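Colleague: Okay, here's the structure, questions in a sec.
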Amino acid sequence: MRTLHIDIETYCDLDVGKCGVYRYAEHPSFEVILLAYAWDEGEPQILERPGRGLTPELIQALTEKSVRKVAHNANFEITCLSAWTGLRLHPAHWKCTMVGAAYLGLPLSLDKVSEVLCLAERKDARGKALINYFCKPCRPTKANGGRTRNLPEHAPEKWGQFCEYCVQDVRTEQAIHDYLQRFPQPTPQECTYWEQDQEINGRGIRVDEELARAAIAANTSFVRGVHNDIRRLTSVVNPNSLPQLKAWLSERLGAPVGSLGRESLEELPAEGALPDDVARVLALRRLASNTSVTKYDAMLSFMCSDGRIRGLLQFYGANRTGRFAGRGVQIQNLKRTLKKGLDATREAVRTGYADLLFDNLSEVLSRITRTALVASPGNQLCVADYSAIEARVIAWLAGEEWVLEVFRTHGKIYEAAAAQMFHLPIDMIGKGSDLRAKGKVATLALGYQGGVGALVEMGAVKMGIDEAELPAIVRAWRSANPAIVKLWRSVEQAARLAIERKTTYTLRLPATVLRFMYDRGYLFIGLPSGRVLSYFGAEASRGKLSYMGMEQATRQWRRTDTYGGSLVENIVQAIARDCLCDAMLRMEVEHDTRILMHIHDEVVAEAPAGEAEAALQNMYAVMAVPPVWAPTLPLRGDGYISEYYKKD
């Protein structure tokens, strides 16, 4: 099989970062302006402003199954070239080096990968400026003759550099592709999952445009009213001006106010001790700062001409576990919906009366954001979520038999956890009791070797649990789950042995095996599904395990310490992700389920209204059958049918 490496540069009046590749590629102004390509390890060639036509050789290569197309972030090339040429480009014929890099625990971007691997071929640093010049509209000025776009003839030297930049991207991609071949690659099953991901991303979900626009309008009116109230109380010209507000507050309080951030405001005297006008201004400030309609704005920005948003998910976006990441609207971190009155609230926003019903309109708007994602006319959404899947997977791995028995029977894990922790009959643990709350927070927080800090972060104190009780809760949970505690130690020891001895170590667990392999600086953990978790630059020194990775807070590539509980967390979440992918594939193959998106462990599909109940039951049935590589893992799905998406 021959390999065709491809990189393209495009022009559009829209900003792809603000509208997504699907809307970008369908826009009338969109065009491919450079196409660089190389066969196998050969020298790249480039087509400059090729119009709508390609050479017969390239057209055949793009459509031929026997030619493997390779690109970094192949979704961009597939989507853009499909829109530009009108050809049906099948993802099964493509390979994405970004996914391959993520599979090895490397950064996602082309420049970062080449930098981290110290490759001889690197991404051209001039690229950003050249892209801004040729790929985006320009501001008309007297100096540029009032033009709104830069063409090659306007700067021939820059255009030459831009061509070199595109060719260099292909060389860098070739170097990355060559590197990836030396290490474990995504399994054939993973490639199938990626192909399905491309289909799901391309299918998208419909937006309730009327609701989204009404929410934005309601928010604009609400913020305007809040700002008018602040002006009336303070006489500041611009309520959005931090210096003006801080100056007024400092004058009224007789003390300097350094910041209006949430933490700083909480350090001010209790509201009862503040002057009434100051307390009111701070309350209004909080209301204004809580307003968030950015999700609605994103929905409208990413919405294609048919009213659907696409490209919501990034395959292998969390490259430690392989879980999916959100893109665009960021559906992975939407707020929970209101528990009551959703239909009435949506109608009030839609008709413009919400401000008469709710004092804190901003909070209400953010709590109905999910509901702006809707089924197509005549259809309903079928939403099914794996029930407590991480608790199930960790118990299955560890062989924590009492937990597995709970999931095989009544499924009340929080009540059962409290009963096990405090040595009580389960029927003494009431639904709203303090004991159940302790069982719940312990189950959610302590499975990955967490302690008191993990309980606090999970909200134990906010739930009303006395902080003095937290150490006892940690001890009680660990005493009740000895097999899970043993799993932490076993996994850490296996990783340490593999790294120190530069060998392969097989950890035999009650229901499966995990393989820990060291190879040329990597620690690989072989999962039951057949894929591996990858830890680049793995070391075991001075009593600590560590690897190189991207720090989430700073987005810097740095050495990160790890330990048994953290490795177990990666393994459990990876297995949960593999269960989700296995189930989604079986849903589509066995029942022709039309999946629109998925969020964490939840699948959102669409079916004709009269068939929705049967479709949901089919989804449950698939979720209840574990993958062939985990036959004894007890799984179950819960969900609902609705015309709009929500958090049930």
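In the structure tokens, chains take letters A, B, ... by order of appearance, with residues numbered from 1 within each chain and ligands from 1 in the order shown.
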Set the distance at 12 Å and use only C-alpha atoms: which residues neighbour Gln552 in chain A once local chain neighbours fewer than 5 positions away are removed? I'd like the list as a list in words.
Modeller: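 The residues that qualify are Pro107, Ala318, Asn319, Arg320, Trp557, Arg558 and Thr560 of chain A.
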Colleague: Using Å and a single decimal, report how far CA of Gln189 in chain A sits from CA of Phe536 in chain A.
Modeller: 22.9 Å
Colleague: Pick the closest to Ser534 in chain A from A:Ala217, A:Ala71, A:Leu106, A:Ile394: which is it, counting only C-alpha atoms?
Modeller: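 Selected residue with least distance to Ser534 in chain A: A:Leu106.
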Colleague: Rank A:Leu514, A:Ala125, A:Val226, A:Cys579 by their smallest atom-to-atom distance to Val393 in chain A, using only C-alpha atoms, and report the top residue only.
Modeller: A:Cys579
Colleague: Which of these residues is nearest to Cys163 in chain A, using only C-alpha atoms: A:Met458, A:Leu58, A:Val604, A:Leu47?
Modeller: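 Closest residue, counting only C-alpha atoms: A:Leu47.
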